[in-house]
>>> print(open('final-v4.cif').read())   # mmCIF, C-alpha atoms
data_coords
loop_
_atom_site.label_atom_id
_atom_site.label_comp_id
_atom_site.auth_asym_id
_atom_site.auth_seq_id
_atom_site.Cartn_x
_atom_site.Cartn_y
_atom_site.Cartn_z
CA MET A 1 39.50 73.15 -19.12
CA ASN A 2 40.06 73.23 -22.90
CA ASN A 3 43.61 71.97 -22.37
CA MET A 4 42.37 69.08 -20.25
CA TRP A 5 39.87 68.01 -22.96
CA THR A 6 42.72 68.14 -25.44
CA VAL A 7 44.75 65.79 -23.22
CA ILE A 8 41.73 63.49 -22.84
CA ARG A 9 41.22 63.29 -26.59
CA PHE A 10 44.92 62.83 -27.30
CA THR A 11 45.31 60.12 -24.62
CA PHE A 12 42.28 58.19 -25.84
CA MET A 13 43.10 58.33 -29.54
CA ASN A 14 46.82 57.72 -29.04
CA LYS A 15 46.31 54.58 -26.94
CA ALA A 16 43.36 53.27 -28.96
CA ARG A 17 45.54 53.18 -32.08
CA THR A 18 48.50 51.39 -30.55
CA LYS A 19 49.20 47.82 -31.68
CA SER A 20 49.47 46.59 -28.09
CA PHE A 21 45.95 47.78 -27.24
CA LEU A 22 44.41 46.44 -30.44
CA ILE A 23 46.17 43.07 -30.16
CA SER A 24 45.32 42.64 -26.46
CA THR A 25 41.68 43.53 -27.13
CA LEU A 26 41.56 41.05 -30.01
CA ILE A 27 43.18 38.30 -27.91
CA PHE A 28 40.73 38.79 -25.04
CA ALA A 29 37.82 38.83 -27.49
CA LEU A 30 39.03 35.51 -28.94
CA ILE A 31 39.43 34.03 -25.44
CA ILE A 32 35.87 35.09 -24.57
CA THR A 33 34.57 33.61 -27.83
CA ILE A 34 36.36 30.32 -27.29
CA GLY A 35 35.26 30.15 -23.65
CA ILE A 36 31.58 30.65 -24.49
CA ASN A 37 31.69 28.12 -27.33
CA ILE A 38 33.79 25.42 -25.62
CA PRO A 39 30.84 22.99 -25.18
CA PHE A 40 29.89 23.34 -28.85
CA LEU A 41 33.52 22.94 -29.99
CA ILE A 42 33.95 19.80 -27.87
CA GLN A 43 30.74 18.36 -29.30
CA MET A 44 31.77 19.25 -32.84
CA PHE A 45 35.22 17.63 -32.63
CA MET A 46 34.31 14.63 -30.47
CA GLY A 47 30.70 14.00 -31.41
CA ASP A 48 29.24 12.06 -34.36
CA ASP A 49 28.90 14.41 -37.32
CA SER A 50 26.33 12.20 -38.98
CA LYS A 51 23.96 12.48 -36.03
CA SER A 52 21.65 15.40 -35.47
CA SER A 53 22.27 17.34 -32.25
CA ASP A 54 18.57 16.86 -31.40
CA GLU A 55 18.70 13.07 -31.87
CA PRO A 56 19.08 11.16 -28.56
CA THR A 57 22.01 8.83 -27.99
CA ARG A 58 20.98 5.17 -28.29
CA ILE A 59 21.83 2.81 -25.43
CA GLY A 60 21.22 -0.93 -25.73
CA LEU A 61 19.16 -2.70 -23.04
CA VAL A 62 19.70 -6.48 -22.84
CA TYR A 63 16.50 -8.39 -22.01
CA GLN A 64 17.77 -11.97 -21.95
CA GLN A 65 18.99 -12.31 -18.35
CA GLU A 66 16.31 -10.26 -16.52
CA GLN A 67 13.44 -9.69 -18.93
CA ALA A 68 10.90 -8.51 -16.34
CA LEU A 69 13.38 -6.10 -14.77
CA ALA A 70 14.45 -4.80 -18.20
CA GLU A 71 10.82 -4.12 -19.17
CA GLN A 72 10.22 -2.24 -15.91
CA LEU A 73 13.42 -0.23 -16.41
CA GLU A 74 12.36 0.79 -19.92
CA THR A 75 8.91 1.80 -18.63
CA ASN A 76 10.41 3.92 -15.82
CA TRP A 77 12.97 5.43 -18.19
CA ASN A 78 10.31 6.52 -20.68
CA SER A 79 8.29 8.11 -17.88
CA GLN A 80 11.20 10.41 -16.91
CA PRO A 81 11.49 13.99 -18.26
CA THR A 82 13.06 14.47 -21.69
CA THR A 83 16.55 13.00 -21.78
CA ASN A 84 19.39 12.88 -24.32
CA TYR A 85 19.44 9.07 -24.21
CA GLU A 86 17.13 6.41 -25.66
CA LEU A 87 17.01 2.78 -24.52
CA VAL A 88 16.99 0.22 -27.38
CA LYS A 89 15.72 -3.31 -26.72
CA TYR A 90 18.11 -6.24 -27.41
CA GLU A 91 16.84 -9.78 -26.91
CA THR A 92 20.28 -11.34 -27.24
CA ALA A 93 23.11 -11.24 -24.73
CA ASP A 94 25.74 -12.23 -27.30
CA GLU A 95 28.68 -9.88 -26.62
CA THR A 96 29.97 -10.22 -30.19
CA GLU A 97 26.71 -8.95 -31.64
CA LEU A 98 26.45 -6.16 -29.07
CA ASN A 99 30.05 -5.06 -29.67
CA GLN A 100 29.43 -4.98 -33.42
CA ALA A 101 26.43 -2.70 -32.78
CA ILE A 102 28.70 -0.34 -30.83
CA GLU A 103 31.38 -0.43 -33.55
CA SER A 104 28.84 0.36 -36.27
CA GLY A 105 27.46 3.30 -34.30
CA ALA A 106 24.00 1.80 -33.81
CA ILE A 107 24.40 2.19 -30.04
CA GLU A 108 26.96 3.91 -27.83
CA GLY A 109 26.88 1.21 -25.15
CA TYR A 110 24.60 -1.35 -23.56
CA VAL A 111 23.15 -2.15 -20.14
CA GLN A 112 22.79 -5.70 -18.86
CA PHE A 113 21.98 -7.42 -15.58
CA GLU A 114 23.91 -10.14 -13.77
CA ALA A 115 22.50 -12.08 -10.84
CA GLN A 116 24.32 -11.72 -7.53
CA GLU A 117 24.38 -14.57 -5.07
CA GLY A 118 22.58 -13.67 -1.87
CA ALA A 119 21.38 -10.32 -3.24
CA ALA A 120 17.77 -9.43 -3.95
CA PHE A 121 18.74 -7.12 -6.81
CA PRO A 122 21.06 -8.04 -9.70
CA ALA A 123 24.21 -6.14 -10.63
CA VAL A 124 23.83 -3.50 -13.35
CA ILE A 125 26.70 -3.39 -15.89
CA TYR A 126 27.24 -0.75 -18.56
CA SER A 127 29.62 -1.62 -21.40
CA SER A 128 31.06 0.84 -23.94
CA GLU A 129 34.22 1.50 -25.93
CA ASN A 130 35.75 4.00 -23.53
CA ASP A 131 34.71 2.20 -20.32
CA VAL A 132 33.20 5.46 -18.98
CA ILE A 133 29.55 6.21 -18.29
CA GLN A 134 28.38 9.77 -18.84
CA PRO A 135 27.11 11.55 -15.66
CA GLU A 136 23.69 12.28 -17.22
CA LEU A 137 23.20 8.65 -18.24
CA GLN A 138 24.38 7.37 -14.87
CA ALA A 139 22.03 9.70 -12.98
CA GLY A 140 19.10 8.73 -15.21
CA LEU A 141 19.70 4.99 -14.78
CA GLN A 142 20.08 5.32 -11.02
CA ALA A 143 16.82 7.26 -10.76
CA ALA A 144 14.93 4.76 -12.93
CA LEU A 145 16.34 1.71 -11.10
CA GLN A 146 15.83 3.08 -7.60
CA SER A 147 12.10 2.37 -7.46
CA LEU A 148 12.66 -1.09 -8.97
CA LYS A 149 15.19 -1.88 -6.27
CA ILE A 150 12.78 -0.78 -3.56
CA ARG A 151 10.06 -3.02 -5.03
CA SER A 152 12.54 -5.93 -5.14
CA VAL A 153 13.65 -5.46 -1.54
CA LEU A 154 10.07 -5.02 -0.31
CA GLU A 155 8.72 -7.87 -2.40
CA GLY A 156 5.58 -9.27 -0.81
CA VAL A 157 4.68 -5.93 0.79
CA GLU A 158 1.75 -4.23 -0.89
CA LEU A 159 2.81 -0.76 -2.04
CA THR A 160 0.91 1.55 -4.32
CA ASP A 161 2.62 3.53 -7.07
CA ALA A 162 2.06 6.71 -5.06
CA GLN A 163 3.86 5.19 -2.06
CA VAL A 164 6.76 4.06 -4.24
CA ASN A 165 7.05 7.55 -5.73
CA GLU A 166 7.00 9.02 -2.24
CA LEU A 167 9.90 6.76 -1.25
CA ASN A 168 11.90 7.94 -4.26
CA THR A 169 11.16 11.65 -3.86
CA PRO A 170 14.17 13.51 -2.34
CA VAL A 171 13.57 15.48 0.83
CA GLN A 172 13.18 19.18 0.02
CA ILE A 173 14.78 21.70 2.38
CA ASN A 174 13.30 25.20 2.29
CA ALA A 175 15.37 28.14 3.50
CA ARG A 176 13.87 31.10 5.30
CA SER A 177 15.23 34.30 6.81
CA ILE A 178 14.67 35.35 10.40
CA ASP A 179 14.95 38.62 12.29
CA PRO A 180 16.49 38.24 15.77
CA SER A 181 14.25 41.06 16.98
CA ASP A 182 11.15 39.22 15.79
CA THR A 183 8.67 37.85 18.33
CA GLY A 184 8.37 34.60 16.43
CA ALA A 185 6.73 35.64 13.20
CA ASP A 186 7.58 33.31 10.31
CA ASN A 187 8.84 34.93 7.12
CA GLY A 188 8.07 31.78 5.17
CA PRO A 189 10.25 29.83 2.76
CA VAL A 190 12.29 31.47 0.05
CA THR A 191 10.12 31.91 -3.04
CA GLU A 192 11.17 30.96 -6.56
CA ALA A 193 11.44 34.65 -7.50
CA GLU A 194 13.75 35.33 -4.53
CA ALA A 195 15.92 32.34 -5.45
CA ALA A 196 16.17 33.54 -9.07
CA SER A 197 17.10 37.04 -7.85
CA THR A 198 19.85 35.62 -5.63
CA VAL A 199 21.38 33.66 -8.51
CA ALA A 200 21.20 36.65 -10.88
CA ASN A 201 22.72 39.00 -8.29
CA TYR A 202 25.52 36.52 -7.60
CA ILE A 203 26.46 36.42 -11.28
CA VAL A 204 26.35 40.22 -11.58
CA VAL A 205 28.50 40.72 -8.45
CA TYR A 206 31.04 38.16 -9.68
CA ALA A 207 31.22 39.84 -13.10
CA LEU A 208 31.58 43.34 -11.60
CA ILE A 209 34.44 42.26 -9.32
CA ILE A 210 36.39 40.67 -12.16
CA LEU A 211 35.62 43.61 -14.46
CA PHE A 212 36.85 46.14 -11.89
CA PHE A 213 40.10 44.29 -11.23
CA PHE A 214 41.14 43.61 -14.81
CA THR A 215 40.18 47.01 -16.22
CA LEU A 216 41.93 48.71 -13.31
CA MET A 217 45.10 46.71 -13.83
CA SER A 218 45.20 47.35 -17.57
CA THR A 219 44.32 51.05 -17.58
CA GLY A 220 46.17 51.86 -14.34
CA ASN A 221 49.43 50.45 -15.63
CA MET A 222 48.93 52.26 -18.94
CA ILE A 223 48.54 55.57 -17.07
CA ALA A 224 51.74 55.06 -15.07
CA SER A 225 53.62 53.78 -18.11
CA GLU A 226 52.63 56.73 -20.30
CA VAL A 227 53.63 59.28 -17.67
CA THR A 228 56.99 57.57 -17.09
CA THR A 229 57.64 57.26 -20.83
CA GLU A 230 56.95 60.97 -21.44
CA LYS A 231 59.17 61.87 -18.52
CA SER A 232 62.08 59.61 -19.51
CA SER A 233 62.00 60.83 -23.11
CA ARG A 234 61.98 64.49 -21.95
CA ILE A 235 58.73 65.13 -23.81
CA MET A 236 57.27 66.14 -20.45
CA GLU A 237 59.44 69.26 -20.43
CA ILE A 238 57.75 70.42 -23.65
CA LEU A 239 54.23 69.45 -22.54
CA ILE A 240 54.57 71.21 -19.21
CA THR A 241 55.01 74.57 -20.96
CA SER A 242 51.65 74.36 -22.77
CA VAL A 243 49.47 72.24 -20.45
CA SER A 244 49.46 72.46 -16.66
CA PRO A 245 50.48 69.33 -14.73
CA LEU A 246 47.01 69.00 -13.18
CA SER A 247 45.31 69.13 -16.58
CA GLN A 248 47.76 66.50 -17.80
CA MET A 249 47.14 64.16 -14.87
CA PHE A 250 43.34 64.32 -14.83
CA GLY A 251 43.23 64.34 -18.64
CA LYS A 252 45.20 61.10 -18.75
CA VAL A 253 43.06 59.54 -16.00
CA ILE A 254 39.78 60.39 -17.73
CA GLY A 255 41.13 59.45 -21.17
CA MET A 256 42.20 56.03 -19.93
CA PHE A 257 38.84 55.62 -18.21
CA LEU A 258 37.05 56.21 -21.51
CA LEU A 259 39.46 53.80 -23.19
CA GLY A 260 38.63 51.14 -20.61
CA LEU A 261 34.89 51.71 -21.13
CA SER A 262 35.28 51.31 -24.89
CA GLN A 263 37.13 48.02 -24.35
CA ILE A 264 34.35 46.81 -22.03
CA LEU A 265 31.81 47.76 -24.69
CA VAL A 266 33.69 45.69 -27.27
CA PHE A 267 33.75 42.69 -24.92
CA GLY A 268 30.04 43.16 -24.21
CA VAL A 269 29.25 43.07 -27.92
CA VAL A 270 31.41 39.94 -28.35
CA ILE A 271 29.60 38.21 -25.48
CA GLY A 272 26.19 39.24 -26.82
CA VAL A 273 26.94 37.98 -30.34
CA ASN A 274 28.27 34.63 -29.08
CA VAL A 275 25.40 34.09 -26.65
CA MET A 276 22.85 34.66 -29.42
CA LEU A 277 24.36 31.98 -31.67
CA PRO A 278 21.86 29.15 -32.32
CA HIS A 279 23.85 26.48 -30.47
CA ASN A 280 24.16 28.71 -27.38
CA VAL A 281 20.56 29.97 -27.18
CA GLY A 282 19.23 26.58 -26.07
CA ALA A 283 21.95 26.15 -23.45
CA LEU A 284 21.23 29.63 -22.07
CA GLN A 285 17.53 28.84 -21.81
CA ASP A 286 18.32 25.65 -19.89
CA LEU A 287 20.05 27.77 -17.22
CA ASN A 288 16.75 29.58 -16.54
CA LEU A 289 18.53 32.87 -15.87
CA ASP A 290 16.19 35.83 -15.44
CA ILE A 291 18.03 39.11 -16.08
CA THR A 292 15.01 41.07 -14.84
CA ALA A 293 15.53 39.49 -11.40
CA VAL A 294 18.73 41.52 -10.84
CA ASP A 295 18.36 44.08 -8.05
CA PRO A 296 18.37 47.58 -9.66
CA MET A 297 20.16 49.01 -6.61
CA LEU A 298 23.02 46.59 -7.23
CA LEU A 299 23.46 47.92 -10.77
CA ILE A 300 23.27 51.56 -9.64
CA PHE A 301 25.71 51.22 -6.75
CA GLY A 302 27.87 48.86 -8.82
CA LEU A 303 28.36 51.58 -11.45
CA ILE A 304 29.00 54.28 -8.81
CA PHE A 305 31.57 52.26 -6.86
CA TYR A 306 33.21 51.09 -10.08
CA ILE A 307 33.77 54.66 -11.29
CA LEU A 308 34.87 56.03 -7.90
CA GLY A 309 37.12 53.04 -7.23
CA TYR A 310 38.75 53.47 -10.62
CA PHE A 311 39.54 57.16 -10.01
CA LEU A 312 40.95 56.44 -6.53
CA TYR A 313 43.45 53.95 -7.92
CA ALA A 314 44.07 55.85 -11.18
CA VAL A 315 45.31 59.05 -9.50
CA LEU A 316 47.75 56.94 -7.46
CA PHE A 317 49.04 55.21 -10.59
CA ALA A 318 49.59 58.63 -12.18
CA ALA A 319 51.38 59.93 -9.09
CA VAL A 320 53.68 56.92 -8.89
CA GLY A 321 54.42 57.13 -12.62
CA SER A 322 55.46 60.76 -12.22
CA ILE A 323 58.23 60.01 -9.71
CA VAL A 324 59.81 57.21 -11.79
CA SER A 325 62.39 58.28 -14.37
CA ARG A 326 62.95 54.91 -16.05
CA THR A 327 60.31 52.49 -17.31
CA GLU A 328 62.44 49.60 -15.98
CA ASP A 329 61.70 50.75 -12.42
CA LEU A 330 57.97 51.19 -12.95
CA GLY A 331 56.94 47.62 -12.07
CA GLN A 332 58.56 47.82 -8.65
CA ALA A 333 57.15 51.30 -8.00
CA VAL A 334 53.50 50.34 -8.67
CA MET A 335 53.77 47.06 -6.73
CA PRO A 336 52.13 48.45 -3.54
CA ILE A 337 49.10 49.67 -5.51
CA THR A 338 48.88 46.34 -7.33
CA MET A 339 48.94 44.50 -4.00
CA LEU A 340 46.09 46.68 -2.68
CA SER A 341 43.96 45.87 -5.71
CA LEU A 342 44.76 42.16 -5.31
CA VAL A 343 43.66 42.25 -1.67
CA ALA A 344 40.39 43.93 -2.68
CA PHE A 345 39.85 41.32 -5.39
CA TYR A 346 40.58 38.24 -3.26
CA ILE A 347 38.58 39.36 -0.23
CA ALA A 348 35.53 39.93 -2.43
CA ILE A 349 35.91 36.67 -4.37
CA PHE A 350 36.53 34.43 -1.37
CA THR A 351 33.64 35.87 0.66
CA LEU A 352 30.96 35.49 -2.02
CA GLY A 353 29.60 32.52 -0.09
CA THR A 354 29.70 34.35 3.27
CA PRO A 355 28.43 37.90 2.62
CA ASP A 356 28.01 38.59 6.36
CA ALA A 357 31.63 37.77 7.27
CA THR A 358 33.33 40.20 9.65
CA ILE A 359 36.27 40.80 7.31
CA LEU A 360 33.81 41.84 4.61
CA LYS A 361 32.00 44.27 6.90
CA VAL A 362 35.27 45.86 8.03
CA SER A 363 36.78 46.09 4.54
CA SER A 364 33.65 47.78 3.18
CA TYR A 365 34.74 50.90 5.13
CA ILE A 366 38.32 50.82 3.81
CA PRO A 367 38.37 52.97 0.64
CA PHE A 368 40.87 50.82 -1.28
CA LEU A 369 38.82 47.67 -0.63
CA SER A 370 35.24 48.97 -0.57
CA PRO A 371 34.71 49.24 -4.38
CA THR A 372 34.57 45.42 -4.55
CA THR A 373 33.66 44.27 -1.03
CA ILE A 374 30.60 46.48 -0.62
CA LEU A 375 29.15 45.01 -3.83
CA VAL A 376 29.14 41.55 -2.22
CA ARG A 377 27.14 42.89 0.72
CA ILE A 378 24.71 44.77 -1.55
CA GLY A 379 24.10 41.97 -4.04
CA ILE A 380 24.34 38.83 -1.92
CA GLY A 381 24.22 40.01 1.69
CA ASP A 382 21.88 42.34 3.50
CA ALA A 383 23.77 45.60 3.95
CA PRO A 384 21.69 48.44 5.50
CA MET A 385 21.41 51.59 3.42
CA TRP A 386 23.22 53.69 6.03
CA GLU A 387 26.27 51.41 5.80
CA ILE A 388 26.29 51.64 2.00
CA LEU A 389 26.08 55.44 2.14
CA ALA A 390 28.77 55.57 4.85
CA SER A 391 31.09 53.46 2.68
CA LEU A 392 30.33 55.71 -0.29
CA ALA A 393 31.04 58.87 1.73
CA ILE A 394 34.38 57.50 2.97
CA LEU A 395 35.34 56.59 -0.59
CA ILE A 396 34.47 60.09 -1.90
CA VAL A 397 36.44 61.80 0.89
CA SER A 398 39.38 59.49 0.20
CA ILE A 399 39.31 60.38 -3.50
CA LEU A 400 39.45 64.08 -2.61
CA ILE A 401 42.36 63.56 -0.19
CA PHE A 402 44.41 61.20 -2.33
CA GLY A 403 43.52 63.18 -5.47
CA TRP A 404 44.91 66.34 -3.88
CA LEU A 405 48.00 64.46 -2.68
CA ALA A 406 48.52 62.79 -6.07
CA ALA A 407 48.19 66.17 -7.81
CA LYS A 408 50.96 67.65 -5.64
CA ILE A 409 53.19 64.61 -6.21
CA TYR A 410 52.54 64.75 -9.96
CA ARG A 411 53.20 68.51 -10.07
CA THR A 412 56.65 68.08 -8.59
CA GLY A 413 57.51 64.54 -9.66
CA VAL A 414 57.36 65.11 -13.42
CA LEU A 415 60.31 67.51 -13.21
CA MET A 416 62.44 65.39 -10.87
CA TYR A 417 64.97 63.23 -12.75
CA GLY A 418 67.61 60.76 -11.72
CA LYS A 419 67.03 58.15 -9.04
CA ARG A 420 63.60 57.75 -7.54
CA PRO A 421 63.20 60.43 -4.83
CA THR A 422 62.80 59.45 -1.21
CA LEU A 423 59.74 60.49 0.76
CA LYS A 424 61.76 63.21 2.48
CA GLU A 425 62.98 64.62 -0.84
CA LEU A 426 59.52 64.44 -2.32
CA ARG A 427 57.91 66.19 0.65
CA LYS A 428 60.52 68.95 0.50
CA ALA A 429 59.92 69.47 -3.22
CA MET A 430 56.14 69.53 -2.74
CA LYS A 431 56.43 72.35 -0.20
CA ALA A 432 58.10 74.49 -2.85
CA TYR A 433 54.95 74.48 -5.01
CA LYS A 434 51.59 75.93 -4.11
CA MET A 435 48.44 74.18 -5.31
#
>>> encode(input="final-v4.cif", output="structure tokens")
Amino acid sequence: MNNMWTVIRFTFMNKARTKSFLISTLIFALIITIGINIPFLIQMFMGDDSKSSDEPTRIGLVYQQEQALAEQLETNWNSQPTTNYELVKYETADETELNQAIESGAIEGYVQFEAQEGAAFPAVIYSSENDVIQPELQAGLQAALQSLKIRSVLEGVELTDAQVNELNTPVQINARSIDPSDTGADNGPVTEAEAASTVANYIVVYALIILFFFTLMSTGNMIASEVTTEKSSRIMEILITSVSPLSQMFGKVIGMFLLGLSQILVFGVVIGVNVMLPHNVGALQDLNLDITAVDPMLLIFGLIFYILGYFLYAVLFAAVGSIVSRTEDLGQAVMPITMLSLVAFYIAIFTLGTPDATILKVSSYIPFLSPTTILVRIGIGDAPMWEILASLAILIVSILIFGWLAAKIYRTGVLMYGKRPTLKELRKAMKAYKM
């Protein structure tokens, strides 16, 4: 046991100090930082530096052609919830004067009306330098003009403001769950708390799937690469005399696991620092994400399946690394394991919208796929507890079986040089050693 802890400590410290690990961690941290701050960076480089971020963008509203309609539009616009745009009244329709206002920065663009022959409602034209209307401005104008258009079309029909608002209110569709065995009892619509929990669980599941795949790929390949490097440089022959092969294998697996956790911790700190920046706090609040709405069972089982899934793949990476004598052949040797992890990743990602899909239910019982697919069913679907426990039991049994097999392969593979052994040669060599 003491020897294994020595291997764990050596593996962790040796890899944590390498330039490749430090540079890759720094690069990923920079990518995360840039990704979180992209909206602020775009605003900083493309926005007006002289304008406060809290000051609304000014849009001109021409009154000359349709004064009554323009007044009603301004009234409806001001009655909408807080927006990033402000309508500015312009009595003149002189394009030269309006264009000068845009050039000077007084307004970003202007809205005007043009009568259409045979139409009850005039055409609405927005003019600006880049000939593009922002989605938020377009949605706001459409909402404010909709009631005015209805009034224009129904002119002469007496409608109250309440009736007009009712015409403009979108139809709300409430979702509810049913039990096929029910006798007709109504479970009611989905509450706001349940909707918030679904969104929070979706984000957590998505993050866990990506985290599992990328940490597995990085640490798994480092395990196989380190074993192959020690073997090709003949250092393994010296190590084998002082530390048993099993202590070496499990020491490397656990050491790399701790290294991966430390890297995740660094990324977590980077994300936390960037999210708490002043320009990101407001944007985060606008998303209305409630972390407390995350299902605790998802976090518990997510951690368990993450750890067990890592060890299942890690022992296989170590076993494959032990039978390769040259680092040039390592990529081809670990390809089958990489393909398995890719299948697990893609099945989970592409079934996030259909958590009750048959392929997801079947793959949750396959040990190489269950670490990611079962999380989708726990967080977004409705997996019964017995199915979760059955998937967990299969995964644990698989770790014991493949761990024992990987240990035998590692025990014999580290001392086999030359070309990569065939399965027959490997099986024959394994029989010569007793576990």
>>> residues_around(input="final-v4.cif", residues="Ala29 (chain A)", least_positions_apart="2", cutoff="12 Å", atoms="only C-alpha atoms", output="number ranges by chain")
A: 22-27, 31-36, 263-274
>>> closest_residue(input="final-v4.cif", among="A:Val253, A:Val376, A:Leu98, A:Ala333", to="Ile347 (chain A)", atoms="all atoms listed in the file")
A:Val376
>>> resolve_selection(input="final-v4.cif", expression="the PyMOL selection byres ((chain A and resi 65) around 10)", output="number ranges by chain")
A: 62-64, 66-70, 91-93, 112-115, 122
>>> closest_residue(input="final-v4.cif", among="A:Val88, A:Ala319, A:Leu246, A:Leu61", to="Ala406 (chain A)", atoms="all atoms listed in the file")
A:Ala319
>>> closest_residue(input="final-v4.cif", among="A:Ile409, A:Ile203, A:Leu395, A:Ile59", to="Ile107 (chain A)", atoms="all atoms listed in the file")
A:Ile59
>>> atom_distance(input="final-v4.cif", atom1="CA of Gly331 (chain A)", atom2="CA of Asn14 (chain A)")
22.2 Å
>>> resolve_selection(input="final-v4.cif", expression="the PyMOL selection byres ((chain A and resi 226) around 12)", output="count of residues only")
38
>>> closest_residue(input="final-v4.cif", among="A:Val275, A:Ile401, A:Asp356, A:Ile323", to="Gly381 (chain A)", atoms="only C-alpha atoms")
A:Asp356
